[in-house]
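Below is structure-v7.txt, holding compact mmCIF, C-alpha atoms.
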```
# COMPACT_ATOMS: atom_id res chain seq x y z
CA MET A 823 0.00 0.00 0.00
CA THR A 824 1.29 3.44 -0.96
CA ALA A 825 1.22 6.45 1.39
CA MET A 826 0.56 9.37 -0.96
CA THR A 827 1.58 13.01 -0.58
CA PRO A 828 -0.11 16.08 -2.15
CA GLY A 829 0.33 15.97 -5.91
CA SER A 830 1.64 12.39 -6.07
CA ASN A 831 -0.05 9.83 -8.31
CA ILE A 832 -0.17 6.06 -8.77
CA PRO A 833 -1.49 3.76 -11.53
CA LEU A 834 -4.62 1.87 -10.56
CA SER A 835 -4.09 -1.86 -10.21
CA ALA A 836 -7.84 -2.59 -10.31
CA ALA A 837 -10.54 -1.65 -12.82
CA ARG A 838 -13.07 -1.04 -10.02
CA VAL A 839 -11.89 1.09 -7.11
CA ALA A 840 -13.57 2.55 -4.05
CA VAL A 841 -12.37 5.74 -2.37
CA ASP A 842 -13.55 5.99 1.24
CA VAL A 843 -12.83 9.01 3.42
CA ALA A 844 -12.67 8.61 7.21
CA ALA A 845 -12.37 11.22 9.97
CA PRO A 846 -13.15 11.53 13.70
CA VAL A 847 -16.51 13.07 12.71
CA ARG A 848 -19.18 12.07 10.20
CA LEU A 849 -18.38 13.23 6.67
CA ASP A 850 -20.39 13.70 3.51
CA VAL A 851 -18.52 12.14 0.60
CA SER A 852 -19.36 13.02 -3.00
CA GLY A 853 -18.02 12.44 -6.50
CA LEU A 854 -18.09 14.57 -9.65
CA LEU A 855 -17.56 13.35 -13.21
CA LEU A 856 -15.55 15.92 -15.15
CA THR A 857 -14.78 16.42 -18.84
CA ALA A 858 -11.49 17.68 -20.25
CA ASP A 859 -12.45 21.28 -19.38
CA GLY A 860 -12.80 20.37 -15.71
CA LYS A 861 -16.60 20.73 -15.62
CA VAL A 862 -19.57 18.41 -15.19
CA ARG A 863 -21.76 17.84 -18.26
CA SER A 864 -24.88 18.41 -16.16
CA ASP A 865 -26.02 18.17 -12.56
CA ASN A 866 -26.47 14.42 -13.16
CA ASP A 867 -22.68 14.11 -12.91
CA PHE A 868 -22.78 15.11 -9.22
CA ILE A 869 -22.94 11.84 -7.23
CA PHE A 870 -23.86 11.98 -3.54
CA TYR A 871 -26.21 10.41 -1.00
CA ASN A 872 -29.33 11.92 -2.57
CA GLN A 873 -28.27 11.04 -6.13
CA PRO A 874 -26.25 7.88 -5.54
CA SER A 875 -25.53 6.63 -9.03
CA GLY A 876 -24.18 7.87 -12.33
CA PRO A 877 -22.44 6.33 -15.33
CA GLY A 878 -19.59 4.28 -13.91
CA VAL A 879 -19.69 6.06 -10.53
CA THR A 880 -21.75 5.28 -7.44
CA TYR A 881 -22.05 6.55 -3.89
CA ARG A 882 -21.82 3.92 -1.13
CA THR A 883 -22.94 4.75 2.38
CA GLY A 884 -21.09 3.44 5.40
CA GLY A 885 -24.27 3.50 7.44
CA GLY A 886 -22.67 5.59 10.17
CA SER A 887 -20.38 2.77 11.31
CA ALA A 888 -18.00 2.92 8.34
CA PRO A 889 -16.85 5.76 6.08
CA ASP A 890 -18.86 6.67 3.00
CA ALA A 891 -17.21 5.92 -0.33
CA ILE A 892 -17.30 6.76 -4.02
CA VAL A 893 -16.96 3.67 -6.22
CA VAL A 894 -15.56 4.08 -9.73
CA ASP A 895 -15.85 1.39 -12.39
CA THR A 896 -13.32 2.64 -14.92
CA THR A 897 -14.66 0.23 -17.58
CA ALA A 898 -18.09 1.87 -17.36
CA VAL A 899 -17.04 5.55 -17.29
CA PRO A 900 -18.49 7.10 -20.48
CA PRO A 901 -16.31 8.56 -23.24
CA GLY A 902 -15.52 12.23 -22.65
CA ILE A 903 -15.20 11.86 -18.88
CA GLU A 904 -11.52 12.20 -18.01
CA LYS A 905 -11.60 12.68 -14.26
CA ILE A 906 -13.67 11.79 -11.20
CA VAL A 907 -12.96 13.94 -8.16
CA VAL A 908 -13.82 12.68 -4.69
CA THR A 909 -14.83 15.36 -2.20
CA ALA A 910 -15.56 15.42 1.53
CA SER A 911 -17.14 17.86 3.95
CA PRO A 912 -18.11 17.58 7.64
CA ASP A 913 -21.74 16.63 8.14
CA ALA A 914 -22.21 19.25 10.87
CA ALA A 915 -23.06 22.66 9.45
CA GLY A 916 -20.22 25.16 9.66
CA GLN A 917 -17.65 22.71 11.03
CA THR A 918 -14.12 23.02 9.62
CA PHE A 919 -11.40 20.40 9.18
CA GLN A 920 -9.30 22.00 11.93
CA GLY A 921 -8.08 19.12 14.09
CA ILE A 922 -10.05 16.45 12.21
CA GLU A 923 -7.77 15.62 9.30
CA PRO A 924 -9.49 13.04 7.09
CA THR A 925 -7.79 10.01 5.53
CA ALA A 926 -8.79 8.78 2.10
CA THR A 927 -8.15 5.13 1.22
CA VAL A 928 -8.19 3.90 -2.36
CA ARG A 929 -9.28 0.25 -2.39
CA ASN A 930 -9.90 -2.54 -4.84
CA ALA A 931 -13.70 -2.42 -4.92
CA ASP A 932 -14.00 -6.16 -5.45
CA ASP A 933 -11.88 -7.54 -2.61
CA GLY A 934 -11.53 -4.44 -0.38
CA SER A 935 -7.72 -4.52 -0.35
CA ALA A 936 -6.07 -1.15 0.20
CA ILE A 937 -4.10 0.31 -2.72
CA ALA A 938 -3.12 3.72 -1.29
CA THR A 939 -3.89 6.18 1.50
CA PHE A 940 -3.72 9.96 1.68
CA THR A 941 -4.10 12.38 4.61
CA PRO A 942 -4.16 16.07 3.53
CA PRO A 943 -1.80 18.01 5.81
CA GLN A 944 -2.17 21.34 7.62
CA LEU A 945 -5.92 21.86 7.38
CA GLY A 946 -7.64 24.76 9.11
CA ALA A 947 -10.61 26.84 7.99
CA GLU A 948 -11.55 24.50 5.15
CA THR A 949 -15.14 23.24 5.25
CA ALA A 950 -14.84 21.05 2.15
CA LEU A 951 -12.02 19.27 0.33
CA VAL A 952 -11.22 17.77 -3.03
CA VAL A 953 -9.38 14.78 -1.58
CA ILE A 954 -8.55 12.34 -4.39
CA GLU A 955 -9.02 12.34 -8.14
CA ILE A 956 -9.27 9.32 -10.41
CA TYR A 957 -8.12 10.42 -13.84
CA LEU A 958 -7.36 9.11 -17.32
CA ARG A 959 -3.88 9.68 -18.76
CA ASN A 960 -2.67 8.14 -22.05
CA GLY A 961 -5.37 5.47 -21.93
CA ALA A 962 -4.59 4.38 -18.35
CA TRP A 963 -6.47 5.24 -15.15
CA LYS A 964 -4.55 6.67 -12.20
CA ALA A 965 -5.22 8.15 -8.76
CA ARG A 966 -3.78 11.49 -7.60
CA ALA A 967 -3.68 12.93 -4.08
CA VAL A 968 -5.07 16.50 -4.13
CA GLY A 969 -6.08 17.90 -0.72
CA GLN A 970 -7.43 21.21 -2.09
CA GLY A 971 -9.58 22.99 0.49
CA TYR A 972 -12.57 25.31 0.20
CA ALA A 973 -13.68 27.70 2.93
CA ASN A 974 -17.18 28.06 1.42
CA GLY A 975 -18.16 24.45 1.82
CA LEU A 976 -19.43 21.96 -0.70
CA ALA A 977 -21.17 24.80 -2.54
CA GLY A 978 -17.76 26.19 -3.46
CA ILE A 979 -16.69 22.87 -4.94
CA ALA A 980 -20.00 22.33 -6.74
CA THR A 981 -20.02 25.73 -8.41
CA ASP A 982 -16.31 25.46 -9.25
CA PHE A 983 -17.02 22.35 -11.28
CA GLY A 984 -20.19 23.64 -12.93
CA VAL A 985 -22.95 22.15 -10.75
CA SER A 986 -26.04 24.37 -10.42
CA VAL A 987 -26.67 25.53 -6.85
CA GLU A 988 -30.19 26.76 -6.26
CA GLU A 989 -30.59 30.37 -5.19
CA PRO A 990 -32.82 30.93 -2.16
CA ALA A 991 -36.31 32.11 -2.99
CA ALA A 992 -36.70 35.87 -2.78
CA PRO A 993 -38.75 36.97 0.25
CA VAL A 994 -42.31 38.08 -0.51
CA ALA A 995 -43.05 41.66 0.54
CA PRO A 996 -45.94 42.03 3.00
CA PRO A 997 -49.20 43.38 1.49
CA VAL A 998 -49.79 47.13 1.72
CA PRO A 999 -52.90 47.80 3.85
CA ALA A 1000 -54.21 50.51 1.52
CA ALA A 1001 -54.31 48.17 -1.46
CA PRO A 1002 -57.32 45.87 -1.04
CA ALA A 1003 -56.91 44.13 -4.37
CA PRO A 1004 -55.65 40.60 -3.83
CA VAL A 1005 -52.22 39.77 -5.18
CA ALA A 1006 -52.31 37.18 -7.92
CA PRO A 1007 -50.61 33.96 -6.81
CA GLN A 1008 -47.19 33.38 -8.28
CA PRO A 1009 -46.35 30.08 -9.99
CA PRO A 1010 -43.95 27.87 -8.05
CA ALA A 1011 -40.29 28.13 -8.92
CA PRO A 1012 -39.04 25.32 -11.17
CA VAL A 1013 -37.33 22.46 -9.34
CA ALA A 1014 -33.72 21.82 -10.35
CA THR A 1015 -31.92 18.49 -10.50
CA PRO A 1016 -31.57 17.13 -6.96
CA VAL A 1017 -28.93 19.06 -5.07
CA ASP A 1018 -27.51 18.18 -1.68
CA PRO A 1019 -29.69 20.13 0.79
CA ARG A 1020 -26.67 20.59 3.03
CA ILE A 1021 -24.96 22.74 0.42
CA ALA A 1022 -25.32 26.29 1.66
CA PRO A 1023 -26.54 28.38 -1.28
CA PRO A 1024 -24.44 31.42 -2.13
CA ALA A 1025 -25.57 34.81 -0.86
CA PRO A 1026 -27.95 36.49 -3.33
CA ALA A 1027 -25.77 38.78 -5.40
CA ALA A 1028 -24.84 39.44 -8.97
CA PRO A 1029 -22.58 36.62 -10.20
CA PRO A 1030 -18.91 37.66 -10.15
CA ALA A 1031 -17.07 38.13 -13.39
CA PRO A 1032 -14.76 35.24 -14.22
CA PRO A 1033 -11.19 35.86 -13.08
CA ALA A 1034 -8.71 37.01 -15.68
CA THR A 1035 -6.09 34.64 -14.31
CA PRO A 1036 -6.46 31.23 -12.67
CA ALA A 1037 -7.40 31.44 -9.02
CA PRO A 1038 -4.91 30.19 -6.42
CA GLY A 1039 -5.15 26.44 -6.03
CA SER A 1040 -7.02 26.09 -9.33
CA GLY A 1041 -5.01 23.08 -10.36
CA LYS A 1042 -2.08 21.88 -12.45
CA ILE A 1043 -0.86 23.34 -15.72
CA ASN A 1044 2.09 22.54 -18.00
CA LEU A 1045 4.76 24.36 -19.98
CA ASP A 1046 3.20 23.92 -23.44
CA LYS A 1047 2.55 27.66 -23.75
CA GLY A 1048 5.92 28.79 -22.46
CA ARG A 1049 6.87 30.46 -19.19
CA VAL A 1050 4.40 30.13 -16.32
CA ASN A 1051 3.72 32.67 -13.56
CA LEU A 1052 2.44 30.67 -10.62
CA GLN A 1053 0.13 31.87 -7.88
CA LYS A 1054 0.20 30.39 -4.41
CA ASN A 1055 -0.84 26.70 -4.33
CA GLN A 1056 -0.80 26.36 -8.12
CA THR A 1057 1.10 23.44 -9.64
CA VAL A 1058 2.92 23.16 -12.97
CA SER A 1059 4.04 19.90 -14.55
CA LEU A 1060 7.61 20.10 -15.87
CA VAL A 1061 6.65 18.51 -19.18
CA LYS A 1062 6.06 19.99 -22.59
CA GLY A 1063 4.12 18.29 -25.36
CA GLY A 1064 3.69 15.22 -23.16
CA ALA A 1065 7.45 14.59 -22.85
CA PRO A 1066 9.76 15.45 -19.91
CA LEU A 1067 11.21 18.87 -20.64
CA LEU A 1068 14.58 18.83 -18.97
CA SER A 1069 16.86 16.95 -16.62
CA ARG A 1070 18.86 19.78 -15.01
CA VAL A 1071 17.22 22.85 -13.51
CA ARG A 1072 18.29 25.81 -11.41
CA MET A 1073 16.10 27.29 -8.69
CA GLY A 1074 16.92 30.97 -8.28
CA LEU A 1075 15.76 32.75 -5.13
CA GLY A 1076 15.94 36.50 -4.70
CA TRP A 1077 14.92 39.29 -2.36
CA GLU A 1078 15.57 42.95 -1.64
CA PRO A 1079 15.58 44.96 1.60
CA ALA A 1080 12.22 46.63 2.21
CA PHE A 1081 14.01 49.71 3.61
CA ARG A 1082 16.80 51.52 1.79
CA GLY A 1083 20.29 51.24 3.22
CA LYS A 1084 19.52 48.15 5.27
CA ASP A 1085 21.17 44.83 4.46
CA ILE A 1086 19.03 41.71 4.60
CA ASP A 1087 20.82 38.40 5.14
CA LEU A 1088 18.61 35.50 4.12
CA ASP A 1089 19.59 31.90 3.45
CA ALA A 1090 18.09 29.76 0.69
CA SER A 1091 18.00 25.99 1.19
CA VAL A 1092 16.44 22.85 -0.23
CA ILE A 1093 15.28 19.91 1.89
CA ALA A 1094 15.09 16.44 0.32
CA TYR A 1095 12.52 13.84 1.40
CA GLY A 1096 11.68 10.22 0.69
CA PRO A 1097 8.26 8.83 -0.30
CA ASN A 1098 7.07 8.66 3.32
CA ARG A 1099 8.05 12.29 4.05
CA ASN A 1100 11.26 11.02 5.66
CA HIS A 1101 14.05 13.60 5.74
CA LEU A 1102 17.02 12.58 3.58
CA ASP A 1103 19.28 15.65 3.66
CA SER A 1104 19.38 19.46 3.49
CA CYS A 1105 21.41 21.63 1.10
CA TYR A 1106 22.27 25.12 2.41
CA PHE A 1107 25.21 27.53 2.80
CA GLY A 1108 26.86 25.17 5.30
CA LYS A 1109 26.47 22.09 3.09
CA LEU A 1110 26.72 23.07 -0.55
CA ALA A 1111 26.14 19.64 -2.13
CA ILE A 1112 23.90 16.70 -1.21
CA LEU A 1113 22.62 13.46 -2.76
CA ASN A 1114 26.02 12.65 -4.28
CA GLY A 1115 26.22 16.06 -5.96
CA ALA A 1116 22.77 15.90 -7.60
CA ILE A 1117 21.86 19.10 -5.71
CA LYS A 1118 24.36 21.98 -5.37
CA HIS A 1119 24.09 25.37 -3.64
CA SER A 1120 25.70 28.58 -4.97
CA GLY A 1121 26.83 29.81 -1.54
CA ASP A 1122 25.68 32.45 0.93
CA ASN A 1123 24.60 36.00 0.00
CA LEU A 1124 24.97 38.31 3.00
CA THR A 1125 23.10 41.44 1.84
CA GLY A 1126 20.39 40.78 -0.73
CA GLU A 1127 21.55 43.84 -2.65
CA GLY A 1128 21.71 43.93 -6.45
CA ALA A 1129 19.53 42.71 -9.26
CA GLY A 1130 19.07 39.07 -10.12
CA ASP A 1131 19.04 35.91 -8.03
CA ASP A 1132 20.65 36.21 -4.61
CA GLU A 1133 21.20 32.47 -4.19
CA THR A 1134 20.72 29.59 -6.60
CA ILE A 1135 20.39 25.85 -6.18
CA VAL A 1136 21.12 23.55 -9.13
CA VAL A 1137 19.15 20.29 -9.25
CA ASP A 1138 20.20 17.52 -11.63
CA LEU A 1139 16.87 15.71 -11.84
CA GLY A 1140 18.41 12.87 -13.81
CA ARG A 1141 20.83 12.11 -10.96
CA ILE A 1142 18.38 12.39 -8.07
CA PRO A 1143 18.33 9.00 -6.27
CA ALA A 1144 15.19 6.94 -6.67
CA ASP A 1145 14.37 7.25 -2.97
CA ALA A 1146 14.23 11.07 -3.16
CA THR A 1147 10.73 12.05 -4.25
CA GLY A 1148 10.17 15.50 -2.73
CA LEU A 1149 12.21 18.72 -2.58
CA VAL A 1150 11.11 21.77 -0.58
CA PHE A 1151 12.84 25.12 -1.22
CA THR A 1152 12.99 27.41 1.80
CA VAL A 1153 14.36 30.82 2.79
CA ASN A 1154 15.35 31.69 6.37
CA SER A 1155 16.58 34.76 8.25
CA PHE A 1156 19.38 33.57 10.50
CA THR A 1157 19.86 37.06 11.96
CA GLY A 1158 16.20 37.27 12.95
CA GLN A 1159 14.94 39.85 10.45
CA LYS A 1160 11.28 39.25 9.58
CA PHE A 1161 9.83 38.86 6.12
CA ASN A 1162 7.87 42.09 6.46
CA GLU A 1163 11.32 43.71 6.17
CA VAL A 1164 11.84 41.97 2.80
CA ALA A 1165 10.69 43.24 -0.58
CA LYS A 1166 10.31 41.45 -3.91
CA ALA A 1167 10.97 37.94 -2.66
CA TYR A 1168 10.59 35.39 -5.44
CA CYS A 1169 11.71 32.03 -6.73
CA ARG A 1170 12.11 30.98 -10.34
CA LEU A 1171 12.88 27.71 -12.07
CA ILE A 1172 15.41 27.94 -14.90
CA ASP A 1173 16.59 25.51 -17.57
CA ASP A 1174 20.22 25.23 -16.50
CA ALA A 1175 21.36 24.38 -20.05
CA SER A 1176 19.75 27.31 -21.89
CA GLY A 1177 19.23 29.80 -19.05
CA GLU A 1178 15.55 30.09 -20.01
CA GLU A 1179 13.19 31.00 -17.16
CA LEU A 1180 10.41 28.41 -17.07
CA VAL A 1181 8.42 29.08 -13.91
CA ARG A 1182 8.25 32.09 -11.59
CA PHE A 1183 6.53 32.64 -8.26
CA ASP A 1184 6.49 36.13 -6.71
CA LEU A 1185 5.79 36.10 -2.99
CA THR A 1186 2.96 38.53 -2.24
CA GLY A 1187 1.99 39.39 1.30
CA ALA A 1188 4.49 39.00 4.12
CA GLU A 1189 4.23 37.87 7.70
CA PRO A 1190 6.51 38.81 10.63
CA GLN A 1191 8.18 35.40 10.58
CA THR A 1192 11.77 34.29 10.01
CA GLY A 1193 11.19 31.44 7.55
CA VAL A 1194 9.14 30.75 4.43
CA MET A 1195 8.59 27.67 2.31
CA MET A 1196 8.70 29.02 -1.24
CA ALA A 1197 8.07 26.02 -3.49
CA LYS A 1198 8.24 22.24 -3.72
CA LEU A 1199 9.15 19.76 -6.45
CA ILE A 1200 7.35 16.41 -6.27
CA LYS A 1201 8.34 13.37 -8.34
CA GLN A 1202 5.37 11.55 -9.82
CA PHE A 1203 5.07 7.78 -10.26
CA THR A 1204 5.64 8.32 -13.99
CA GLY A 1205 9.02 9.92 -13.27
CA GLU A 1206 7.96 13.45 -14.19
CA TRP A 1207 8.37 16.29 -11.70
CA GLU A 1208 5.81 18.90 -10.68
CA MET A 1209 6.46 22.28 -9.04
CA THR A 1210 3.97 23.84 -6.62
CA ALA A 1211 4.14 27.41 -5.32
CA MET A 1212 3.82 27.49 -1.52
CA GLY A 1213 4.50 30.85 0.16
CA GLU A 1214 3.92 29.45 3.66
CA PHE A 1215 5.58 31.26 6.57
CA VAL A 1216 7.23 29.46 9.48
CA LYS A 1217 8.87 30.60 12.71
CA SER A 1218 12.39 29.32 12.13
CA ARG A 1219 15.76 31.02 11.61
CA THR A 1220 17.52 27.91 10.25
CA VAL A 1221 16.83 25.17 7.75
CA ARG A 1222 16.90 22.67 10.62
CA GLY A 1223 13.70 24.16 11.98
CA MET A 1224 12.08 23.88 8.55
CA VAL A 1225 12.44 20.11 8.23
CA LYS A 1226 9.30 19.15 10.12
CA PRO A 1227 6.87 21.80 8.74
CA ALA A 1228 8.16 21.18 5.21
CA ALA A 1229 7.53 17.45 5.60
CA GLN A 1230 3.98 18.19 6.71
CA ALA A 1231 3.49 20.40 3.68
CA LEU A 1232 4.44 17.71 1.16
```
Structure rendered as structure tokens:
Amino acid sequence: MTAMTPGSNIPLSAARVAVDVAAPVRLDVSGLLLTADGKVRSDNDFIFYNQPSGPGVTYRTGGGSAPDAIVVDTTAVPPGIEKIVVTASPDAAGQTFQGIEPTATVRNADDGSAIATFTPPQLGAETALVVIEIYLRNGAWKARAVGQGYANGLAGIATDFGVSVEEPAAPVAPPVPAAPAPVAPQPPAPVATPVDPRIAPPAPAAPPAPPATPAPGSGKINLDKGRVNLQKNQTVSLVKGGAPLLSRVRMGLGWEPAFRGKDIDLDASVIAYGPNRNHLDSCYFGKLAILNGAIKHSGDNLTGEGAGDDETIVVDLGRIPADATGLVFTVNSFTGQKFNEVAKAYCRLIDDASGEELVRFDLTGAEPQTGVMMAKLIKQFTGEWEMTAMGEFVKSRTVRGMVKPAAQAL
């Protein structure tokens, strides 16, 4: 059985799989069938306790004594459906996932044997999660750990994927005493496809205009269209045209003092982990090469002054040992200066052979902390690597203090 981390994927060893989601409290588990554009075809593609079956996908109740599950028969999923996302939300209205981290288990639906497990880390104000997705890639079905949270409950997930959420009926104004004429009865509002009554409808307001750029956490993209500017929690696959793009990359990290005439001494590092979030080694100014030279550090920058990258870390992806599956890039202030004294902090991924900038993440918003996790690279089962922007602040002046929180963030 595989213990998955956010963004990791595995091939499915069974044609019929069940994804159950367990937590210390009762959860509502749902599934959505999505096309290539990431949307449902209609509300019939939303599978939950009140609409328990769809083409190739069914909802299975645990009866209160076992976790609910979404069962996917990949042989019966209709053409055009490329992904089934499994979601979970606490049954109690308004309850968040703070302190009740759920665990999803992917099982062989025929014999119940466990294939993989996934526990999303560091949950807080989320009231709903996309936990696991079952997806089709090059004719084969796979499972990916997601762990994307929503603070606006299952309604946020439903509307994100194109499910209609009923608006509340407008209140009827009381009759005016001076007008004796009876008010003609209004016809009842049309009834939509069954929708989970526990989904809180959005507040009555004009629908927002679609965002000009992808929202944070809106999912994975690739490099087919050239350089990518990531937002926090977005992921980019380091492939182009379906083929791995490169084997040797350089992560450049830079910053400037927020106040003129004041030096800022920050230290960039990378922490390497195994498949079970086990710490393998850390590369920083005091240890400039790790993993038999597959990862090398440029050395310490003491001021942060000047244009361009302040510190760089070269990663030879082709030489990374097989047991190293996760890299977290961090920046720390050993002298104790806080990140609200830092301006223009960023990280960027560069093709080390050509010098071409591939991915960039500009850190927006600072907290009075001494450490920040900037980005992570996760190796997929297929061998390809994915980069996710993080921007998560930590109270730590050294890379040693980043090892545990970075492991939890994988």
message: Which residues are close to stretch 944-954 of chain A, i.e. within 10 Å by all atoms listed in the file, leaving aside same-chain residues fewer than 6 positions away? Reply as JSON, numbers by chain.
response: {"A": [828, 829, 831, 841, 842, 843, 849, 850, 851, 852, 853, 906, 907, 908, 909, 910, 911, 912, 913, 914, 915, 916, 917, 918, 919, 920, 921, 922, 923, 924, 925, 926, 927, 928, 965, 966, 967, 968, 969, 970, 971, 972, 973, 974, 975, 976, 977, 978, 979, 1227, 1230, 1231, 1232]}
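Candidate residues A:Gly1193, A:Pro900, A:Pro942, A:Pro1143 were compared for distance to A:Arg1219, and the nearest is A:Gly1193, using only C-alpha atoms.
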Set out as JSON lines a contact list for stretch 1123-1205 of chain A and stretch 1048-1063 of chain A with a cut-off of 7 Å, giving each residue of stretch 1123-1205 of chain A that qualifies its closest atom pair and distance in Å to one decimal, counting only C-alpha atoms, ordered by chain and rising residue number.
```
{"residue": "A:Glu1179", "atom": "CA", "partner": "A:Arg1049", "partner_atom": "CA", "distance": 6.7}
{"residue": "A:Leu1180", "atom": "CA", "partner": "A:Arg1049", "partner_atom": "CA", "distance": 4.6}
{"residue": "A:Val1181", "atom": "CA", "partner": "A:Val1050", "partner_atom": "CA", "distance": 4.8}
{"residue": "A:Arg1182", "atom": "CA", "partner": "A:Asn1051", "partner_atom": "CA", "distance": 5.0}
{"residue": "A:Phe1183", "atom": "CA", "partner": "A:Leu1052", "partner_atom": "CA", "distance": 5.1}
```
The distance between atom CA of A:Arg1070 and atom CA of A:Asp1131 is 17.6 Å
Residues around (-10.9, 6.6, -11.4), cut-off 6 Å, counting only C-alpha atoms - what are they as a VMD selection string? chain A and resid 894 896 906 956 to 957 963
Self-check item: For A:Tyr881: contacts at 12 Å, all atoms listed in the file, fewer than 4 positions along chain excluded, given as a ChimeraX atom specification
Solution: /A:839-842,850-854,867-877,885,889-895,908-909
Between atom CA of A:Val1136 and atom CA of A:Ser1176 lies a distance of 13.4 Å
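Here the question is which of A:Thr880, A:Thr1152, A:Ser1069, A:Ser830 gets nearest to A:Ala1116 using all atoms listed in the file, and that residue is A:Ser1069.
Shortest separation to A:Pro943 among A:Gly1108, A:Arg1099, A:Glu1133, A:Lys1160 occurs at residue A:Arg1099, atoms counted being all atoms listed in the file.
Residues lying within 9 Å of A:Met1224, counting all atoms listed in the file and ignoring same-chain neighbours fewer than 3 positions away, are Ile1093, Thr1152, Asn1154, Gly1193, Val1194, Met1195, Val1216, Lys1217, Ser1218, Arg1219, Thr1220, Val1221, Pro1227, Ala1228 and Ala1229 of chain A.
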From atom CA of A:Ala1146 to atom CA of A:Trp1207 the spacing works out at 11.6 Å
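Counting only C-alpha atoms and comparing A:Met1196, A:Val1071, A:Leu1088, A:Met826, the residue that lies closest to A:Ile1117 is A:Val1071.
Distances here use only C-alpha atoms; by that measure, the residue among A:Thr1210, A:Thr1204, A:Thr824, A:Ser1120 closest to A:Asn1044 is A:Thr1210.
Counting all atoms listed in the file and comparing A:Arg1170, A:Lys1047, A:Lys1198, A:Arg1222, the residue that lies closest to A:Gly1148 is A:Lys1198.
For A:Glu1189, the non-local neighbours within 9 Å, defined as residues at least 6 positions apart in the same chain or in other chains and counting only C-alpha atoms, are Lys1160, Phe1161, Asn1162 and Phe1215 of chain A.
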